[in-house]
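Coordinates as given in entry_3.csv (CSV, C-alpha atoms):
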```csv
chain,number,residue,atom,x,y,z
A,1,MET,CA,114.4,93.5,104.3
A,2,THR,CA,116.3,91.9,101.5
A,3,ALA,CA,114.8,88.7,100.2
A,4,GLU,CA,114.7,86.9,96.9
A,5,THR,CA,112.3,84.4,95.4
A,6,LYS,CA,113.9,81.3,94.0
A,7,THR,CA,112.9,77.7,93.2
A,8,GLU,CA,115.4,75.0,93.0
A,9,THR,CA,116.4,71.6,94.3
A,10,ALA,CA,119.2,71.6,96.8
A,11,GLN,CA,120.8,69.1,99.3
A,12,ALA,CA,120.3,70.0,102.9
A,13,THR,CA,123.0,68.7,105.2
A,14,GLY,CA,123.5,68.5,108.9
A,15,SER,CA,126.8,68.8,110.6
A,16,GLY,CA,128.2,66.5,113.3
A,17,CYS,CA,126.9,66.9,116.8
A,18,CYS,CA,129.0,67.9,119.8
A,19,CYS,CA,126.8,66.1,122.3
A,20,GLY,CA,127.5,62.5,121.6
A,21,GLY,CA,125.1,62.1,118.6
A,22,ALA,CA,122.0,63.1,120.6
A,23,CYS,CA,120.9,65.7,118.0
A,24,GLY,CA,121.5,63.6,114.9
A,25,ALA,CA,122.9,64.5,111.5
A,26,GLY,CA,122.1,63.6,107.9
A,27,ALA,CA,121.3,64.7,104.4
A,28,ALA,CA,118.2,64.8,102.3
A,29,ASP,CA,117.0,66.3,99.0
A,30,VAL,CA,114.5,69.0,99.5
A,31,GLN,CA,112.4,71.1,97.2
A,32,ILE,CA,113.1,74.8,97.8
A,33,GLY,CA,110.8,77.6,96.7
A,34,GLY,CA,109.6,80.9,98.1
A,35,VAL,CA,111.4,83.7,99.8
A,36,THR,CA,115.0,83.2,100.8
A,37,THR,CA,116.4,85.3,103.7
A,38,VAL,CA,119.8,85.1,105.2
A,39,TYR,CA,120.2,86.1,108.8
A,40,GLN,CA,123.4,86.7,110.9
A,41,VAL,CA,123.3,85.0,114.3
A,42,THR,CA,126.0,85.1,117.0
A,43,GLY,CA,127.0,82.5,119.5
A,44,MET,CA,126.7,79.3,117.4
A,45,THR,CA,129.8,77.1,117.7
A,46,CYS,CA,128.9,73.6,116.7
A,47,GLY,CA,126.3,71.3,115.0
A,48,HIS,CA,124.2,71.2,118.2
A,49,CYS,CA,124.0,75.0,118.0
A,50,GLU,CA,123.0,74.8,114.4
A,51,GLY,CA,120.3,72.3,115.2
A,52,ALA,CA,118.9,74.3,118.1
A,53,VAL,CA,118.6,77.5,115.9
A,54,SER,CA,117.2,75.5,113.0
A,55,SER,CA,114.6,73.8,115.1
A,56,GLU,CA,113.2,77.0,116.6
A,57,ILE,CA,113.0,78.9,113.3
A,58,SER,CA,111.5,75.9,111.5
A,59,GLN,CA,108.5,76.1,113.8
A,60,LEU,CA,107.5,79.5,112.5
A,61,PRO,CA,104.5,79.4,110.2
A,62,GLY,CA,105.4,79.3,106.5
A,63,VAL,CA,109.0,78.2,107.0
A,64,THR,CA,109.9,75.4,104.5
A,65,SER,CA,113.7,75.2,105.1
A,66,VAL,CA,116.4,76.3,107.5
A,67,GLU,CA,120.1,75.9,107.2
A,68,ALA,CA,122.3,77.2,110.0
A,69,VAL,CA,126.1,77.3,109.6
A,70,ALA,CA,128.0,77.8,112.9
A,71,SER,CA,131.3,78.7,111.2
A,72,THR,CA,129.9,81.8,109.4
A,73,GLY,CA,126.9,82.5,111.8
A,74,GLN,CA,124.6,82.6,108.8
A,75,VAL,CA,121.2,81.1,108.9
A,76,THR,CA,119.4,80.7,105.5
A,77,VAL,CA,115.6,80.6,105.8
A,78,ILE,CA,113.3,79.7,103.0
A,79,SER,CA,109.6,80.6,103.6
A,80,GLU,CA,106.4,80.8,101.7
A,81,ALA,CA,106.2,84.5,102.3
A,82,PRO,CA,108.5,87.1,104.0
A,83,LEU,CA,108.8,86.5,107.7
A,84,ASP,CA,108.3,88.9,110.6
A,85,ASP,CA,111.8,89.8,111.8
A,86,ALA,CA,110.5,90.0,115.4
A,87,ALA,CA,109.3,86.4,115.2
A,88,VAL,CA,112.6,85.2,113.8
A,89,ARG,CA,114.5,87.2,116.5
A,90,GLU,CA,112.2,85.6,119.2
A,91,ALA,CA,112.9,82.1,117.8
A,92,VAL,CA,116.7,82.7,117.8
A,93,ASP,CA,116.5,84.1,121.4
A,94,GLU,CA,114.5,81.0,122.5
A,95,ALA,CA,117.3,78.8,121.1
A,96,GLY,CA,119.8,80.8,123.2
A,97,TYR,CA,121.5,82.8,120.5
A,98,GLU,CA,121.4,86.4,119.2
A,99,LEU,CA,120.0,87.6,115.9
A,100,VAL,CA,122.1,90.5,114.8
A,101,GLY,CA,120.4,91.2,111.5
A,102,GLN,CA,120.3,90.1,108.0
A,103,ALA,CA,123.5,89.1,106.2
```

Target encoding structure tokens, full file:
Amino acid sequence: MTAETKTETAQATGSGCCCGGACGAGAADVQIGGVTTVYQVTGMTCGHCEGAVSSEISQLPGVTSVEAVASTGQVTVISEAPLDDAAVREAVDEAGYELVGQA
């Protein structure tokens, strides 16, 4: 597992929604710290997909930030400690997508 520890302030942004605005979008400043892991996920095509994956992963214990990017398939997760890959895979599966590994 490749992970790095980093503390910084970043701006989290959401992309537009393909479902008539039902999933929302926006930007907010967030404090980032802990372990950063980037996963590769297949099947995401729009902002709604990004939101579904982000929502499921953000429910995992210790997760402080999730950013999913449909165009690259990359999902960046910041957590207090390294996450169990099986738990992340299960969360991505629950959202309806496939975790293919770490980027």

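Closest approach to A:Leu99 among A:Gly43, A:Pro82, A:Gly51, A:Gly62 is made by A:Gly43 (distances from all atoms listed in the file).
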
What's the 9 Å shell around A:Cys49, counting only C-alpha atoms, without same-chain residues fewer than 2 positions away, as a JSON list (two decimals) with C-alpha atoms, in the frame of the given file?
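Wrote it out as selection_21.json, contents follow:
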```
[["chain", "number", "residue", "atom", "x", "y", "z"],
["A", 17, "CYS", "CA", 126.90, 66.90, 116.80],
["A", 18, "CYS", "CA", 129.00, 67.90, 119.80],
["A", 43, "GLY", "CA", 127.00, 82.50, 119.50],
["A", 44, "MET", "CA", 126.70, 79.30, 117.40],
["A", 45, "THR", "CA", 129.80, 77.10, 117.70],
["A", 46, "CYS", "CA", 128.90, 73.60, 116.70],
["A", 47, "GLY", "CA", 126.30, 71.30, 115.00],
["A", 51, "GLY", "CA", 120.30, 72.30, 115.20],
["A", 52, "ALA", "CA", 118.90, 74.30, 118.10],
["A", 53, "VAL", "CA", 118.60, 77.50, 115.90],
["A", 54, "SER", "CA", 117.20, 75.50, 113.00],
["A", 68, "ALA", "CA", 122.30, 77.20, 110.00],
["A", 69, "VAL", "CA", 126.10, 77.30, 109.60],
["A", 70, "ALA", "CA", 128.00, 77.80, 112.90],
["A", 95, "ALA", "CA", 117.30, 78.80, 121.10],
["A", 96, "GLY", "CA", 119.80, 80.80, 123.20],
["A", 97, "TYR", "CA", 121.50, 82.80, 120.50]]
```

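Restricting the calculation to only C-alpha atoms, the smallest distance between A:Glu56 and any of A:Val100, A:Ala91, A:Leu83, A:Val38 is found for A:Ala91.
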
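For the atom pair formed by atom CA of A:Asp93 and atom CA of A:Gly34, the distance is 24.5 Å, given to one decimal.
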
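Counting all atoms listed in the file, the residue from A:Asp85, A:Glu50, A:Glu98, A:Glu80 that sits nearest to A:Val35 is A:Glu80.
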
What's the 9 Å shell around A:Ser79, counting all atoms listed in the file, without same-chain residues fewer than 5 positions away, as a VMD selection string?
chain A and resid 32 to 37 61 to 66

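Here atom CA of A:Ser55 and atom CA of A:Asp84 stand 17.0 Å from one another.
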
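Atom CA of A:Arg89 lies 13.5 Å from atom CA of A:Gln74.
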